[in-house]
Amino acid sequence: MVARRLDDPVYLRNSVSMILIGQYDSPFVRRVAVTLHHYHMPFERNALSVFSNFKKVQAINPLVRVPALILETGETLVDSSAIIDCLDEMAGPARALTPAHGPLRRKVLQAVVTATGISEKAVAVFFERYFHETKSISKDWEKRCLSQINAGLEKLEHDCSTPWFFNNHMSQADISIACMIGHLKQRVPEVFPPNKYPKLHALSLHCETRDEFVKARPSPDEVIPLRA
Ligand SMILES: N[C@@H](CCC(=O)N[C@@H](CS)C(=O)NCC(=O)O)C(=O)O
């Protein structure tokens, strides 16, 4: 069984390909997976859950957060930005989805941090709702997070070009934004009525038909376990 092999420390040490840890319902794990597929870099995946597999994830990342990527050398990388930085370096400057230098690098990175910032706020809203009874949810905190998400989406909608976020160049901005939107639709759907953000909606549809996105779609079992 693949899942058992991937839990075996001996197998992990001797693995010949990279191993991505985490479920695709996380926008951070998914953007790493889409990037790996885009670069045609072979990898295996261990879809550990930060909830139901707490101890196993903690053995890989003390913070119990995903994604983590175990390299062929056995080295473990955590945090999607640090992982993608490494993948860009492996892909080389000609193929890298984040330009190596100059104004476009700054623009791509700024769009990416807005997208990942929105995802962080969406995770915060989701956890606030998930871990509290309705009467105990902090309405002030929820309202603050939702307003931050809305402002971030408005900024991205304003800056969004076509067919890619930056005209004719597919970049890490497109991947991070599309993964962020996919996660919003799943977890906080009320913040993304498609007609409110037509350019982002079109970008998301454009991305989601591509092979690298289809290969990294969350399967129905990649969901947070229900509360007892
Ligand atoms: N900055 C991190 C964020 C990762 C993150 O927040 N991952 C979530 C899953 S969507 C997680 O593991 N949460 C568990 C926790 O923080 O307890 C990254 O880009 O990788």
# chains A, B, ... in the order shown; residues from 1 in each chain; ligands from 1
>>> residues_near_ligand(ligand="ligand 1", cutoff="9 Å", atoms="only C-alpha atoms and all ligand atoms", output="list in words")
Gly22, Gln23, Tyr24, Asp25, Ser26, Pro27, Phe28, Val29, Val32, Ser49, Val50, Phe51, Leu63, Val64, Arg65, Val66, Pro67, Ala68, Val78, Asp79, Ser80, Ser81, Ala82, Ile83, Thr116, Gly117, Ser119, Glu120 and Val123 of chain A
>>> residues_around(residues="Ser147 of chain A", least_positions_apart="5", cutoff="10 Å", atoms="only C-alpha atoms", output="list of chain:residue names")
A:Lys121, A:Trp141, A:Glu142, A:Gly152, A:Leu153, A:Val191
>>> write_last_selection(atoms="N, CA and C atoms", output="short mmCIF file (atom, residue, chain, number, x, y, z; two decimals), in the first residue's frame")
data_model
loop_
_atom_site.label_atom_id
_atom_site.label_comp_id
_atom_site.auth_asym_id
_atom_site.auth_seq_id
_atom_site.Cartn_x
_atom_site.Cartn_y
_atom_site.Cartn_z
N LYS A 121 -6.45 34.35 5.73
CA LYS A 121 -7.66 34.90 6.36
C LYS A 121 -8.85 33.95 6.21
N TRP A 141 -14.17 39.38 15.04
CA TRP A 141 -13.01 38.77 14.36
C TRP A 141 -13.41 38.28 12.96
N GLU A 142 -14.59 37.63 12.91
CA GLU A 142 -15.08 37.11 11.62
C GLU A 142 -15.26 38.26 10.63
N GLY A 152 -8.73 42.38 -0.32
CA GLY A 152 -7.69 41.69 -1.10
C GLY A 152 -8.21 41.27 -2.46
N LEU A 153 -9.43 40.72 -2.48
CA LEU A 153 -10.02 40.29 -3.76
C LEU A 153 -10.25 41.49 -4.68
N VAL A 191 -17.89 34.61 0.05
CA VAL A 191 -17.03 35.76 -0.27
C VAL A 191 -16.66 35.83 -1.75
#
>>> select_by_dssp(residues="segment 125-222 of chain A", states="alpha helix (DSSP H)", output="PDB file with N, CA and C atoms, in the first residue's frame")
ATOM      1  N   VAL A 125     -11.090  32.318   9.181  1.00  0.00           N
ATOM      2  CA  VAL A 125     -12.557  32.346   9.269  1.00  0.00           C
ATOM      3  C   VAL A 125     -13.093  30.928   9.414  1.00  0.00           C
ATOM      4  N   PHE A 126     -12.548  30.026   8.607  1.00  0.00           N
ATOM      5  CA  PHE A 126     -13.040  28.651   8.627  1.00  0.00           C
ATOM      6  C   PHE A 126     -12.818  28.017  10.006  1.00  0.00           C
ATOM      7  N   PHE A 127     -11.619  28.213  10.566  1.00  0.00           N
ATOM      8  CA  PHE A 127     -11.317  27.631  11.881  1.00  0.00           C
ATOM      9  C   PHE A 127     -12.177  28.267  12.978  1.00  0.00           C
ATOM     10  N   GLU A 128     -12.390  29.583  12.885  1.00  0.00           N
ATOM     11  CA  GLU A 128     -13.250  30.263  13.867  1.00  0.00           C
ATOM     12  C   GLU A 128     -14.637  29.611  13.883  1.00  0.00           C
ATOM     13  N   ARG A 129     -15.147  29.331  12.686  1.00  0.00           N
ATOM     14  CA  ARG A 129     -16.489  28.733  12.591  1.00  0.00           C
ATOM     15  C   ARG A 129     -16.469  27.255  12.962  1.00  0.00           C
ATOM     16  N   TYR A 130     -15.373  26.592  12.610  1.00  0.00           N
ATOM     17  CA  TYR A 130     -15.305  25.141  12.803  1.00  0.00           C
ATOM     18  C   TYR A 130     -15.146  24.777  14.276  1.00  0.00           C
ATOM     19  N   LYS A 139     -17.914  37.493  16.350  1.00  0.00           N
ATOM     20  CA  LYS A 139     -18.443  38.188  15.166  1.00  0.00           C
ATOM     21  C   LYS A 139     -17.515  39.318  14.736  1.00  0.00           C
ATOM     22  N   ASP A 140     -16.824  39.940  15.702  1.00  0.00           N
ATOM     23  CA  ASP A 140     -15.886  41.021  15.356  1.00  0.00           C
ATOM     24  C   ASP A 140     -14.696  40.485  14.559  1.00  0.00           C
ATOM     25  N   TRP A 141     -14.171  39.382  15.040  1.00  0.00           N
ATOM     26  CA  TRP A 141     -13.013  38.767  14.356  1.00  0.00           C
ATOM     27  C   TRP A 141     -13.415  38.282  12.961  1.00  0.00           C
ATOM     28  N   GLU A 142     -14.591  37.630  12.907  1.00  0.00           N
ATOM     29  CA  GLU A 142     -15.076  37.109  11.623  1.00  0.00           C
ATOM     30  C   GLU A 142     -15.258  38.262  10.626  1.00  0.00           C
ATOM     31  N   LYS A 143     -15.879  39.369  11.130  1.00  0.00           N
ATOM     32  CA  LYS A 143     -16.142  40.520  10.267  1.00  0.00           C
ATOM     33  C   LYS A 143     -14.832  41.142   9.769  1.00  0.00           C
ATOM     34  N   ARG A 144     -13.879  41.248  10.667  1.00  0.00           N
ATOM     35  CA  ARG A 144     -12.570  41.804  10.297  1.00  0.00           C
ATOM     36  C   ARG A 144     -11.910  40.951   9.201  1.00  0.00           C
ATOM     37  N   CYS A 145     -11.885  39.640   9.406  1.00  0.00           N
ATOM     38  CA  CYS A 145     -11.264  38.737   8.409  1.00  0.00           C
ATOM     39  C   CYS A 145     -11.988  38.836   7.068  1.00  0.00           C
ATOM     40  N   LEU A 146     -13.326  38.843   7.102  1.00  0.00           N
ATOM     41  CA  LEU A 146     -14.090  38.891   5.843  1.00  0.00           C
ATOM     42  C   LEU A 146     -13.825  40.197   5.101  1.00  0.00           C
ATOM     43  N   SER A 147     -13.682  41.304   5.868  1.00  0.00           N
ATOM     44  CA  SER A 147     -13.428  42.590   5.196  1.00  0.00           C
ATOM     45  C   SER A 147     -12.018  42.593   4.596  1.00  0.00           C
ATOM     46  N   GLN A 148     -11.059  41.941   5.257  1.00  0.00           N
ATOM     47  CA  GLN A 148      -9.697  41.837   4.706  1.00  0.00           C
ATOM     48  C   GLN A 148      -9.702  40.989   3.434  1.00  0.00           C
ATOM     49  N   ILE A 149     -10.478  39.909   3.453  1.00  0.00           N
ATOM     50  CA  ILE A 149     -10.590  39.056   2.253  1.00  0.00           C
ATOM     51  C   ILE A 149     -11.195  39.859   1.100  1.00  0.00           C
ATOM     52  N   ASN A 150     -12.281  40.571   1.392  1.00  0.00           N
ATOM     53  CA  ASN A 150     -12.947  41.359   0.328  1.00  0.00           C
ATOM     54  C   ASN A 150     -12.007  42.391  -0.263  1.00  0.00           C
ATOM     55  N   ALA A 151     -11.267  43.099   0.601  1.00  0.00           N
ATOM     56  CA  ALA A 151     -10.354  44.145   0.107  1.00  0.00           C
ATOM     57  C   ALA A 151      -9.241  43.530  -0.746  1.00  0.00           C
ATOM     58  N   GLY A 152      -8.732  42.380  -0.321  1.00  0.00           N
ATOM     59  CA  GLY A 152      -7.688  41.693  -1.097  1.00  0.00           C
ATOM     60  C   GLY A 152      -8.206  41.268  -2.465  1.00  0.00           C
ATOM     61  N   LEU A 153      -9.430  40.723  -2.484  1.00  0.00           N
ATOM     62  CA  LEU A 153     -10.021  40.291  -3.764  1.00  0.00           C
ATOM     63  C   LEU A 153     -10.250  41.493  -4.681  1.00  0.00           C
ATOM     64  N   GLU A 154     -10.698  42.604  -4.109  1.00  0.00           N
ATOM     65  CA  GLU A 154     -10.931  43.806  -4.942  1.00  0.00           C
ATOM     66  C   GLU A 154      -9.633  44.296  -5.567  1.00  0.00           C
ATOM     67  N   LYS A 155      -8.561  44.273  -4.798  1.00  0.00           N
ATOM     68  CA  LYS A 155      -7.244  44.693  -5.310  1.00  0.00           C
ATOM     69  C   LYS A 155      -6.816  43.761  -6.460  1.00  0.00           C
ATOM     70  N   LEU A 156      -6.951  42.457  -6.248  1.00  0.00           N
ATOM     71  CA  LEU A 156      -6.537  41.509  -7.298  1.00  0.00           C
ATOM     72  C   LEU A 156      -7.429  41.657  -8.536  1.00  0.00           C
ATOM     73  N   GLU A 157      -8.746  41.850  -8.324  1.00  0.00           N
ATOM     74  CA  GLU A 157      -9.657  42.024  -9.467  1.00  0.00           C
ATOM     75  C   GLU A 157      -9.239  43.264 -10.278  1.00  0.00           C
ATOM     76  N   HIS A 158      -8.904  44.319  -9.579  1.00  0.00           N
ATOM     77  CA  HIS A 158      -8.487  45.558 -10.240  1.00  0.00           C
ATOM     78  C   HIS A 158      -7.230  45.333 -11.080  1.00  0.00           C
ATOM     79  N   ASP A 159      -6.274  44.569 -10.557  1.00  0.00           N
ATOM     80  CA  ASP A 159      -4.964  44.405 -11.212  1.00  0.00           C
ATOM     81  C   ASP A 159      -4.950  43.288 -12.249  1.00  0.00           C
ATOM     82  N   GLN A 172       3.636  32.422 -11.164  1.00  0.00           N
ATOM     83  CA  GLN A 172       3.214  31.889  -9.861  1.00  0.00           C
ATOM     84  C   GLN A 172       2.004  32.667  -9.344  1.00  0.00           C
ATOM     85  N   ALA A 173       1.811  33.906  -9.817  1.00  0.00           N
ATOM     86  CA  ALA A 173       0.621  34.660  -9.404  1.00  0.00           C
ATOM     87  C   ALA A 173      -0.643  33.908  -9.830  1.00  0.00           C
ATOM     88  N   ASP A 174      -0.660  33.395 -11.061  1.00  0.00           N
ATOM     89  CA  ASP A 174      -1.845  32.676 -11.550  1.00  0.00           C
ATOM     90  C   ASP A 174      -2.124  31.432 -10.710  1.00  0.00           C
ATOM     91  N   ILE A 175      -1.062  30.685 -10.402  1.00  0.00           N
ATOM     92  CA  ILE A 175      -1.237  29.449  -9.625  1.00  0.00           C
ATOM     93  C   ILE A 175      -1.761  29.775  -8.223  1.00  0.00           C
ATOM     94  N   SER A 176      -1.133  30.739  -7.576  1.00  0.00           N
ATOM     95  CA  SER A 176      -1.518  31.048  -6.186  1.00  0.00           C
ATOM     96  C   SER A 176      -2.927  31.634  -6.120  1.00  0.00           C
ATOM     97  N   ILE A 177      -3.270  32.476  -7.109  1.00  0.00           N
ATOM     98  CA  ILE A 177      -4.612  33.073  -7.118  1.00  0.00           C
ATOM     99  C   ILE A 177      -5.666  32.003  -7.396  1.00  0.00           C
ATOM    100  N   ALA A 178      -5.416  31.139  -8.373  1.00  0.00           N
ATOM    101  CA  ALA A 178      -6.419  30.108  -8.696  1.00  0.00           C
ATOM    102  C   ALA A 178      -6.601  29.129  -7.526  1.00  0.00           C
ATOM    103  N   CYS A 179      -5.497  28.778  -6.846  1.00  0.00           N
ATOM    104  CA  CYS A 179      -5.624  27.872  -5.689  1.00  0.00           C
ATOM    105  C   CYS A 179      -6.362  28.572  -4.544  1.00  0.00           C
ATOM    106  N   MET A 180      -6.099  29.863  -4.383  1.00  0.00           N
ATOM    107  CA  MET A 180      -6.808  30.638  -3.353  1.00  0.00           C
ATOM    108  C   MET A 180      -8.318  30.652  -3.651  1.00  0.00           C
ATOM    109  N   ILE A 181      -8.680  30.896  -4.925  1.00  0.00           N
ATOM    110  CA  ILE A 181     -10.113  30.956  -5.281  1.00  0.00           C
ATOM    111  C   ILE A 181     -10.771  29.581  -5.091  1.00  0.00           C
ATOM    112  N   GLY A 182     -10.075  28.531  -5.510  1.00  0.00           N
ATOM    113  CA  GLY A 182     -10.625  27.168  -5.341  1.00  0.00           C
ATOM    114  C   GLY A 182     -10.931  26.886  -3.877  1.00  0.00           C
ATOM    115  N   HIS A 183     -10.018  27.296  -2.999  1.00  0.00           N
ATOM    116  CA  HIS A 183     -10.199  27.089  -1.559  1.00  0.00           C
ATOM    117  C   HIS A 183     -11.348  27.937  -1.016  1.00  0.00           C
ATOM    118  N   LEU A 184     -11.445  29.202  -1.458  1.00  0.00           N
ATOM    119  CA  LEU A 184     -12.557  30.067  -1.015  1.00  0.00           C
ATOM    120  C   LEU A 184     -13.896  29.434  -1.371  1.00  0.00           C
ATOM    121  N   LYS A 185     -13.977  28.935  -2.619  1.00  0.00           N
ATOM    122  CA  LYS A 185     -15.253  28.359  -3.082  1.00  0.00           C
ATOM    123  C   LYS A 185     -15.663  27.182  -2.215  1.00  0.00           C
ATOM    124  N   GLN A 186     -14.646  26.459  -1.718  1.00  0.00           N
ATOM    125  CA  GLN A 186     -14.933  25.276  -0.909  1.00  0.00           C
ATOM    126  C   GLN A 186     -15.250  25.648   0.544  1.00  0.00           C
ATOM    127  N   ARG A 187     -14.516  26.612   1.098  1.00  0.00           N
ATOM    128  CA  ARG A 187     -14.569  26.854   2.545  1.00  0.00           C
ATOM    129  C   ARG A 187     -15.352  28.096   2.982  1.00  0.00           C
ATOM    130  N   PRO A 198     -15.452  39.295 -11.999  1.00  0.00           N
ATOM    131  CA  PRO A 198     -15.470  38.603 -13.302  1.00  0.00           C
ATOM    132  C   PRO A 198     -14.090  38.267 -13.848  1.00  0.00           C
ATOM    133  N   LYS A 199     -13.106  39.143 -13.623  1.00  0.00           N
ATOM    134  CA  LYS A 199     -11.775  38.859 -14.180  1.00  0.00           C
ATOM    135  C   LYS A 199     -11.120  37.696 -13.416  1.00  0.00           C
ATOM    136  N   LEU A 200     -11.252  37.707 -12.103  1.00  0.00           N
ATOM    137  CA  LEU A 200     -10.680  36.610 -11.303  1.00  0.00           C
ATOM    138  C   LEU A 200     -11.414  35.298 -11.579  1.00  0.00           C
ATOM    139  N   HIS A 201     -12.720  35.398 -11.768  1.00  0.00           N
ATOM    140  CA  HIS A 201     -13.510  34.196 -12.072  1.00  0.00           C
ATOM    141  C   HIS A 201     -13.021  33.576 -13.390  1.00  0.00           C
ATOM    142  N   ALA A 202     -12.808  34.432 -14.400  1.00  0.00           N
ATOM    143  CA  ALA A 202     -12.339  33.929 -15.704  1.00  0.00           C
ATOM    144  C   ALA A 202     -10.934  33.331 -15.570  1.00  0.00           C
ATOM    145  N   LEU A 203     -10.082  33.983 -14.787  1.00  0.00           N
ATOM    146  CA  LEU A 203      -8.713  33.457 -14.599  1.00  0.00           C
ATOM    147  C   LEU A 203      -8.761  32.085 -13.930  1.00  0.00           C
ATOM    148  N   SER A 204      -9.622  31.966 -12.927  1.00  0.00           N
ATOM    149  CA  SER A 204      -9.742  30.695 -12.210  1.00  0.00           C
ATOM    150  C   SER A 204     -10.208  29.578 -13.155  1.00  0.00           C
ATOM    151  N   LEU A 205     -11.215  29.873 -13.991  1.00  0.00           N
ATOM    152  CA  LEU A 205     -11.705  28.847 -14.931  1.00  0.00           C
ATOM    153  C   LEU A 205     -10.607  28.479 -15.928  1.00  0.00           C
ATOM    154  N   HIS A 206      -9.890  29.483 -16.422  1.00  0.00           N
ATOM    155  CA  HIS A 206      -8.797  29.261 -17.366  1.00  0.00           C
ATOM    156  C   HIS A 206      -7.748  28.315 -16.754  1.00  0.00           C
ATOM    157  N   CYS A 207      -7.386  28.579 -15.491  1.00  0.00           N
ATOM    158  CA  CYS A 207      -6.386  27.746 -14.821  1.00  0.00           C
ATOM    159  C   CYS A 207      -6.903  26.330 -14.569  1.00  0.00           C
ATOM    160  N   GLU A 208      -8.138  26.230 -14.062  1.00  0.00           N
ATOM    161  CA  GLU A 208      -8.639  24.937 -13.582  1.00  0.00           C
ATOM    162  C   GLU A 208      -8.820  23.906 -14.700  1.00  0.00           C
ATOM    163  N   ASP A 211      -3.927  20.890 -17.214  1.00  0.00           N
ATOM    164  CA  ASP A 211      -3.511  19.607 -16.673  1.00  0.00           C
ATOM    165  C   ASP A 211      -2.946  19.666 -15.248  1.00  0.00           C
ATOM    166  N   GLU A 212      -2.083  20.653 -15.010  1.00  0.00           N
ATOM    167  CA  GLU A 212      -1.404  20.705 -13.709  1.00  0.00           C
ATOM    168  C   GLU A 212      -2.390  20.995 -12.573  1.00  0.00           C
ATOM    169  N   PHE A 213      -3.492  21.699 -12.908  1.00  0.00           N
ATOM    170  CA  PHE A 213      -4.516  21.971 -11.895  1.00  0.00           C
ATOM    171  C   PHE A 213      -5.430  20.756 -11.716  1.00  0.00           C
ATOM    172  N   VAL A 214      -5.797  20.125 -12.831  1.00  0.00           N
ATOM    173  CA  VAL A 214      -6.687  18.957 -12.762  1.00  0.00           C
ATOM    174  C   VAL A 214      -6.016  17.852 -11.930  1.00  0.00           C
TER     175      VAL A 214
END
>>> atom_distance(atom1="atom CA of Arg95 of chain A", atom2="atom CA of Tyr39 of chain A")
7.9 Å
>>> select_by_dssp(residues="segment 27-119 of chain A", states="strand (DSSP E or B)", output="count of residues only")
10
>>> residues_around(residues="Cys86 of chain A", least_positions_apart="5", cutoff="12 Å", atoms="only C-alpha atoms", output="VMD selection string")
chain A and resid 32 35 to 36 69 to 71 75 to 81 91 to 93 96 to 98
>>> closest_residue(among="A:Lys196, A:Ser171, A:Met90, A:Glu222", to="Asn46 of chain A", atoms="only C-alpha atoms")
A:Glu222
>>> atom_distance(atom1="atom CA of Ile21 of chain A", atom2="atom CA of Val57 of chain A")
8.2 Å
